[in-house]
Each structure stands twice: as structure tokens, then as C-alpha cells.
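Engineer: Structure file model_18.cif (mmCIF, C-alpha atoms) is given on the next line.
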data_structure
#
loop_
_atom_site.label_atom_id
_atom_site.label_comp_id
_atom_site.auth_asym_id
_atom_site.auth_seq_id
_atom_site.Cartn_x
_atom_site.Cartn_y
_atom_site.Cartn_z
CA MET A 1 -23.39 -6.57 -4.43
CA THR A 2 -20.92 -3.74 -4.09
CA LEU A 3 -19.05 -3.09 -0.89
CA SER A 4 -20.82 0.22 -0.50
CA SER A 5 -24.02 -1.71 0.17
CA CYS A 6 -22.52 -4.29 2.55
CA ASN A 7 -22.91 -4.23 6.31
CA VAL A 8 -19.75 -5.56 7.95
CA ARG A 9 -19.87 -6.87 11.50
CA LEU A 10 -16.66 -6.10 13.34
CA PRO A 11 -15.40 -8.18 16.27
CA TRP A 12 -16.95 -7.07 19.56
CA ASP A 13 -13.66 -5.80 20.99
CA ARG A 14 -12.88 -3.46 18.10
CA PRO A 15 -13.72 0.24 18.50
CA ASP A 16 -16.34 1.73 16.25
CA ILE A 17 -14.91 2.88 12.94
CA PRO A 18 -16.48 4.55 9.92
CA ASP A 19 -17.74 2.22 7.21
CA GLY A 20 -17.78 4.60 4.25
CA LEU A 21 -16.54 3.82 0.79
CA PRO A 22 -14.15 5.17 -0.30
CA PRO A 23 -12.51 5.22 3.13
CA GLY A 24 -11.79 8.57 4.73
CA VAL A 25 -8.48 10.14 3.73
CA GLY A 26 -7.47 10.94 7.30
CA THR A 27 -5.30 13.82 8.47
CA GLN A 28 -4.12 15.59 5.34
CA GLN A 29 -0.44 15.04 4.67
CA PRO A 30 1.52 18.31 4.33
CA TYR A 31 2.72 19.90 1.14
CA ILE A 32 6.38 19.07 0.51
CA ASP A 33 8.80 19.58 -2.35
CA VAL A 34 8.44 16.14 -3.93
CA ASN A 35 11.31 16.90 -6.31
CA ALA A 36 13.83 17.62 -3.57
CA PRO A 37 16.91 15.38 -3.47
CA GLY A 38 17.10 12.47 -1.08
CA ARG A 39 14.30 10.77 0.83
CA THR A 40 11.41 13.21 0.59
CA ALA A 41 9.38 11.02 2.95
CA ASP A 42 11.60 12.32 5.77
CA LYS A 43 9.76 15.63 5.38
CA MET A 44 6.62 13.84 6.60
CA ARG A 45 8.10 13.23 10.07
CA ALA A 46 6.24 15.88 12.09
CA TRP A 47 2.94 14.94 10.44
CA ALA A 48 3.50 11.21 10.88
CA GLU A 49 4.65 11.07 14.51
CA PRO A 50 1.29 11.60 16.26
CA ILE A 51 -0.57 9.43 13.76
CA SER A 52 1.99 6.65 14.17
CA GLU A 53 1.60 6.76 17.93
CA ALA A 54 -2.19 6.58 17.69
CA THR A 55 -2.45 3.90 15.01
CA ALA A 56 0.68 1.80 15.69
CA ILE A 57 1.72 2.15 12.05
CA PRO A 58 5.56 2.18 12.07
CA LEU A 59 6.81 5.72 11.60
CA THR A 60 8.93 5.07 8.50
CA SER A 61 6.09 3.17 6.84
CA LEU A 62 3.62 5.95 7.59
CA GLU A 63 6.04 8.52 6.16
CA ALA A 64 6.17 6.42 2.99
CA TYR A 65 2.37 6.38 2.69
CA GLY A 66 2.11 10.13 3.20
CA ASN A 67 4.91 10.75 0.72
CA ALA A 68 3.27 8.59 -1.94
CA ALA A 69 -0.13 10.23 -1.46
CA GLU A 70 1.42 13.70 -1.68
CA ILE A 71 3.37 12.87 -4.85
CA GLN A 72 0.17 11.63 -6.45
CA ARG A 73 -1.74 14.67 -5.18
CA GLN A 74 0.73 17.01 -6.85
CA GLN A 75 1.25 15.05 -10.03
CA HIS A 76 -2.19 13.46 -10.51
CA PRO A 77 -4.66 15.40 -8.35
CA GLU A 78 -7.62 13.93 -10.24
CA CYS A 79 -6.95 10.52 -8.66
CA GLY A 80 -7.55 11.62 -5.07
CA ILE A 81 -5.91 8.61 -3.44
CA GLY A 82 -5.57 8.91 0.33
CA TRP A 83 -2.63 7.71 2.39
CA THR A 84 -5.12 5.69 4.41
CA THR A 85 -5.82 3.38 1.46
CA LEU A 86 -2.10 2.75 1.03
CA ALA A 87 -1.82 2.10 4.75
CA GLY A 88 -4.74 -0.32 4.57
CA ILE A 89 -3.07 -2.30 1.82
CA GLY A 90 0.28 -2.19 3.61
CA ALA A 91 -1.36 -3.53 6.76
CA VAL A 92 -3.16 -6.40 5.04
CA GLU A 93 -0.27 -7.40 2.80
CA THR A 94 2.69 -7.43 5.21
CA LYS A 95 1.86 -5.61 8.48
CA HIS A 96 3.49 -2.45 7.09
CA GLY A 97 6.65 -4.31 6.13
CA ARG A 98 6.98 -6.37 9.32
CA HIS A 99 5.74 -9.76 8.10
CA GLY A 100 7.80 -12.69 9.27
CA GLY A 101 9.94 -10.59 11.58
CA ALA A 102 11.06 -8.12 8.91
CA SER A 103 11.76 -4.52 9.83
CA VAL A 104 11.83 -1.22 7.96
CA ALA A 105 15.09 0.75 7.93
CA PRO A 106 15.14 4.57 8.09
CA ASN A 107 15.68 4.73 4.31
CA GLY A 108 12.63 2.53 3.72
CA ASP A 109 14.43 -0.74 2.97
CA VAL A 110 12.66 -3.83 4.32
CA ARG A 111 14.94 -6.58 5.62
CA PRO A 112 14.92 -9.49 5.44
CA VAL A 113 13.14 -9.24 2.14
CA ILE A 114 9.56 -10.50 2.10
CA ARG A 115 8.63 -13.11 -0.52
CA GLY A 116 5.32 -14.85 -1.01
CA PRO A 117 4.91 -18.52 -1.92
CA GLN A 118 5.48 -19.79 -5.42
CA LEU A 119 2.52 -18.83 -7.61
CA ASP A 120 2.18 -22.38 -8.87
CA GLY A 121 -1.60 -22.69 -8.89
CA THR A 122 -1.86 -24.50 -5.54
CA ASN A 123 -3.39 -23.43 -2.22
CA GLY A 124 -5.71 -20.97 -3.91
CA ASN A 125 -2.91 -19.10 -5.68
CA ARG A 126 -2.83 -18.23 -9.34
CA GLU A 127 -0.31 -19.96 -11.55
CA ILE A 128 2.19 -17.42 -12.87
CA LEU A 129 5.24 -18.83 -14.58
CA ASP A 130 8.47 -16.90 -14.08
CA THR A 131 8.39 -13.54 -15.87
CA ASP A 132 11.81 -12.12 -14.97
CA GLY A 133 14.28 -14.99 -14.92
CA GLY A 134 14.29 -14.86 -11.15
CA LYS A 135 16.11 -11.51 -11.14
CA LEU A 136 13.66 -9.79 -8.82
CA ASP A 137 12.03 -12.52 -6.76
CA GLY A 138 14.78 -15.14 -6.85
CA ASP A 139 12.58 -17.83 -8.42
CA LYS A 140 13.24 -19.02 -11.97
CA LYS A 141 10.24 -21.36 -12.17
CA TYR A 142 7.29 -19.39 -10.81
CA ASP A 143 6.77 -15.79 -9.83
CA ARG A 144 6.53 -14.79 -6.18
CA ALA A 145 4.98 -11.68 -4.68
CA MET A 146 7.68 -9.31 -3.45
CA GLY A 147 8.19 -6.72 -0.78
CA PRO A 148 5.93 -4.79 1.59
CA PHE A 149 3.26 -4.31 -1.09
CA GLN A 150 3.63 -7.80 -2.56
CA PHE A 151 4.14 -6.94 -6.21
CA ILE A 152 4.65 -9.73 -8.72
CA PRO A 153 7.71 -9.13 -10.93
CA GLU A 154 5.76 -8.43 -14.12
CA THR A 155 3.66 -5.76 -12.40
CA TRP A 156 6.71 -4.22 -10.76
CA GLN A 157 8.48 -3.94 -14.10
CA ARG A 158 5.53 -1.88 -15.35
CA TYR A 159 4.76 0.30 -12.34
CA GLY A 160 7.87 0.27 -10.15
CA VAL A 161 9.39 3.67 -9.44
CA ASP A 162 12.09 5.15 -7.19
CA ALA A 163 10.62 7.24 -4.38
CA ASN A 164 13.40 7.40 -1.78
CA GLY A 165 15.90 9.20 -3.97
CA ASP A 166 18.56 6.51 -4.23
CA GLY A 167 18.16 6.11 -7.97
CA VAL A 168 16.89 2.52 -7.77
CA ALA A 169 13.29 1.33 -7.96
CA SER A 170 13.10 -1.54 -5.47
CA PRO A 171 10.02 -3.56 -4.49
CA ASP A 172 11.78 -4.13 -1.16
CA ASN A 173 11.81 -0.43 -0.27
CA ILE A 174 8.56 0.77 1.27
CA ASP A 175 8.88 4.29 -0.19
CA ASP A 176 9.24 2.88 -3.69
CA ALA A 177 6.57 0.24 -3.17
CA ALA A 178 4.00 2.67 -1.73
CA LEU A 179 4.32 5.12 -4.61
CA SER A 180 4.26 2.29 -7.15
CA ALA A 181 1.10 0.94 -5.53
CA ALA A 182 -0.48 4.39 -5.67
CA ARG A 183 0.31 4.63 -9.39
CA TYR A 184 -1.15 1.16 -9.98
CA LEU A 185 -4.33 1.90 -8.04
CA CYS A 186 -4.93 5.21 -9.80
CA VAL A 187 -4.61 3.54 -13.19
CA TYR A 188 -7.08 0.78 -12.32
CA ALA A 189 -9.51 3.28 -10.82
CA ASN A 190 -9.61 4.97 -14.23
CA GLY A 191 -7.84 7.88 -12.61
CA ASP A 192 -10.38 8.49 -9.81
CA MET A 193 -10.19 6.91 -6.35
CA THR A 194 -12.77 9.31 -4.90
CA THR A 195 -15.84 7.33 -5.98
CA PRO A 196 -17.02 4.03 -4.48
CA ALA A 197 -16.88 2.35 -7.89
CA GLY A 198 -13.41 3.63 -8.71
CA TRP A 199 -11.95 2.76 -5.31
CA GLU A 200 -13.48 -0.70 -5.26
CA LYS A 201 -12.38 -1.45 -8.83
CA ALA A 202 -8.80 -0.44 -8.06
CA VAL A 203 -8.48 -2.48 -4.87
CA HIS A 204 -10.12 -5.48 -6.54
CA ALA A 205 -7.49 -5.18 -9.26
CA TYR A 206 -4.82 -5.33 -6.56
CA ASN A 207 -6.34 -8.49 -5.09
CA ASN A 208 -9.55 -9.84 -6.53
CA HIS A 209 -11.18 -11.14 -3.35
CA ASP A 210 -14.10 -9.46 -1.61
CA ALA A 211 -12.72 -10.32 1.83
CA TYR A 212 -9.44 -8.60 0.95
CA VAL A 213 -11.19 -5.44 -0.21
CA LEU A 214 -13.27 -5.37 2.98
CA ASP A 215 -10.15 -5.75 5.10
CA VAL A 216 -8.41 -2.89 3.30
CA ARG A 217 -11.51 -0.73 3.68
CA ASN A 218 -11.73 -1.42 7.41
CA TYR A 219 -8.06 -0.72 8.09
CA ALA A 220 -8.18 2.45 5.99
CA ASN A 221 -11.31 3.75 7.72
CA ALA A 222 -9.81 3.04 11.14
CA TYR A 223 -6.64 4.91 10.23
CA SER A 224 -8.71 7.79 8.89
CA VAL A 225 -9.82 8.53 12.46
CA ASN A 226 -6.47 7.63 14.05
CA ILE A 227 -7.63 4.31 15.50
CA ARG A 228 -5.33 1.32 15.95
CA TYR A 229 -6.88 -1.64 14.10
#
If you convert what's in this file into C-alpha cells, what do you get?
Structural biologist:
Amino acid sequence: MTLSSCNVRLPWDRPDIPDGLPPGVGTQQPYIDVNAPGRTADKMRAWAEPISEATAIPLTSLEAYGNAAEIQRQQHPECGIGWTTLAGIGAVETKHGRHGGASVAPNGDVRPVIRGPQLDGTNGNREILDTDGGKLDGDKKYDRAMGPFQFIPETWQRYGVDANGDGVASPDNIDDAALSAARYLCVYANGDMTTPAGWEKAVHAYNNHDAYVLDVRNYANAYSVNIRY
């Protein structure tokens, strides 16, 4: 059964939200010069402020999602990824970079860095032996998921990109991580996030659990109508 045919019962105290698939794309992020020097996500400030206040998404994190969606819109318009999907993943993965008491700096850096458990095959995790010599995740035996979007090192090495203009692609920077996630999702959607099948395939590729995909969908749909979820 695909998610588009599922009926999800939300807790009684949650406001009504849309249940469409793909989720709504929300308030359109503005056009910006994505090739400008420095942190282009700063140019999202006026757009992000009212949405941040309504949804409780941290302002810097929301700027990162809008920036990533706009870069993809200009460079790969056929994908059609919305900032709301990135926000949904950011919420489920690490509370928009705030997991475990972490915070997001104005340049997008998340500190302290967020690391998942060893991917050693226990507690429902996959077993992934170290792929980077511990250079990225600090573990030389098993891989660990890294940063606000919880990339594993091997995936980061393939999709990681600099988005905050400092010349370094870091999984621990939410600007970099959001754009890298957008690139990953667009690839696994076969270049089209605007169809139920494409969206669902991409998010399943990010985390292959139906409950995860439902959670991302619900967060994204709530954010699409500026609801705190």
C-alpha cells in the first residue's frame, strides 16, 4: 500500500493538517542570486521570519531549507522539491539541528556536533563498517550518521556540497546538509519530487521505514500551511 492511499490518524490535540502526497510546498521561497558570495541563505531572512514564528522552526534552519529549495529550483527545476519536505526531514532527524541540546549558529554550523549510534547491526540499525577511516564521523570501526540531516559518511562523500559559501562541505552545517539532502532526494526521485511515487521513493531511500515517511509527510504538510507540529 502506498502512502497516498493511507489514512493517518493524528493525535486528538493536533490541529487539522493536509494529508496530500506529495506534501504542499508552502509559501514560495523568494528568488535570490544563488551564486552570490557568502551565505546566500541570509537572503531568505524576510521570507523566513513569519514562517519561523508560526511553525517554531528555528530561523537559521528555515533559511537553510529555503536556500536549498531555491538552489534546486534554479539549477534543477524539473525536480520540484519543496522546502517543506526538507523541513520535515530536518524535524524528524534532529529537531532542525537541536537534538541533544545542540544549537544552530548564524552561519549554519551545528554545535555540538550530532552523531548517531554506531551502525553495528544492533537495536534495529544496519551494519555499516567504517567507510572513511573515522575522518568524518570520528569512528574507525563502524559508520555513524552525522549532522542535522544524519548522513552516513559514504553518502556524504557522494552528495555533500558547500552551501554557506565558506568553501567547505560539512555535514555539520545545516546549509550544506540541507542542499546535499535536496540533491540526494532529487536523484532518488528520478528527478521528480512532484509525483506521489517520486516523492515516496525518494524519502524511502533516505530512510526505508513507512513510519518515517509518514512522519516526514505530516511535518511537511503542517509546515505547508504554517502550522507548528
Engineer: In Å, with one decimal, what is the gap from atom CA of Lys201 of chain A to atom CA of Ile17 of chain A?
Structural biologist: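 Spanning atom CA of Lys201 of chain A to atom CA of Ile17 of chain A is a straight-line distance of 22.3 Å.
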Engineer: So what do you get for atom CA of Gly90 of chain A versus atom CA of Phe149 of chain A, distance-wise?
Structural biologist: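 Distance reported for this atom pair: 6.0 Å.
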Engineer: Report as a PyMOL selection string the full result of the PyMOL selection byres ((chain A and resi 54-64) around 7) when it is applied to this structure.
Structural biologist: chain A and resi 41-42+44-45+48-53+65-68+96+104+106+108+174-175+178+223+226-228
Engineer: On this structure, the PyMOL selection byres ((chain A and resi 93) around 12) would catch which residues? List them as a PyMOL selection string, sorted by chain and number.
Structural biologist: chain A and resi 86-92+94-100+114-116+145-151+177-178+181+206-207+212-213+215-216+219
Engineer: Which of these residues is nearest to Ala220 of chain A, using only C-alpha atoms: A:Val203, A:Thr85, A:Thr194, A:Pro77?
Structural biologist: A:Thr85
Engineer: When you draw a straight line from atom CA of Ala36 of chain A to atom CA of Asp166 of chain A, how long is it in Å?
Structural biologist: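 Calculated distance between atom CA of Ala36 of chain A and atom CA of Asp166 of chain A is 12.1 Å.
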Engineer: Got a sec to resolve the PyMOL selection byres ((chain A and resi 186) around 9) on this structure and send the residues as an MDAnalysis selection string?
Structural biologist: chainID A and resid 72 76 79:81 181:185 187:193 198:199 202
Engineer: Show which residues sit within 8 Å of Asp120 of chain A, as a VMD selection string. Count all atoms listed in the file, and ignore same-chain residues fewer than 6 positions away.
Structural biologist: chain A and resid 126 to 129 142
Engineer: If we count only C-alpha atoms and set the cut-off at 7 Å, which residues sit around Asn164 of chain A, ignoring sequence neighbours fewer than 5 positions away in its own chain? Please answer as a VMD selection string.
Structural biologist: chain A and resid 38 to 40 175 to 176
Engineer: Mind checking which residues fall within 9 Å of Val225 of chain A, counting only C-alpha atoms, ignoring those fewer than 4 positions away in the same chain, and posting them as a count of residues only?
Structural biologist: 7
Engineer: Between A:Gly82, A:Gly138, A:Gly167, A:Pro112, which is the closest to Glu70 of chain A once you count only C-alpha atoms?
Structural biologist: A:Gly82
Engineer: Quick one: what's the axis-aligned box for segment 114-125 of chain A, all listed atoms, 6 Å on every side, centre and edges in Å to one decimal, as lines of an AutoDock Vina configuration file?
Structural biologist:
center_x = 1.9
center_y = -17.5
center_z = -3.4
size_x = 27.3
size_y = 26.0
size_z = 23.0
Engineer: From the list A:Asn125, A:Gly134, A:Ile71, A:Trp83, which residue is nearest Pro23 of chain A when using all atoms listed in the file?
Structural biologist: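 Selected residue with least distance to Pro23 of chain A: A:Trp83.
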Engineer: Which residue is closest to Ala46 of chain A? Choose from A:Thr155, A:Asn208, A:Lys141, A:Gln29 and count only C-alpha atoms.
Structural biologist: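 Among A:Thr155, A:Asn208, A:Lys141, A:Gln29, it is A:Gln29 that comes nearest to Ala46 of chain A.
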Engineer: Which of these residues is nearest to Asp19 of chain A, using only C-alpha atoms: A:Thr131, A:Asn123, A:Ser103, A:Ser224?
Structural biologist: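 Closest to Asp19 of chain A of all the choices is A:Ser224.
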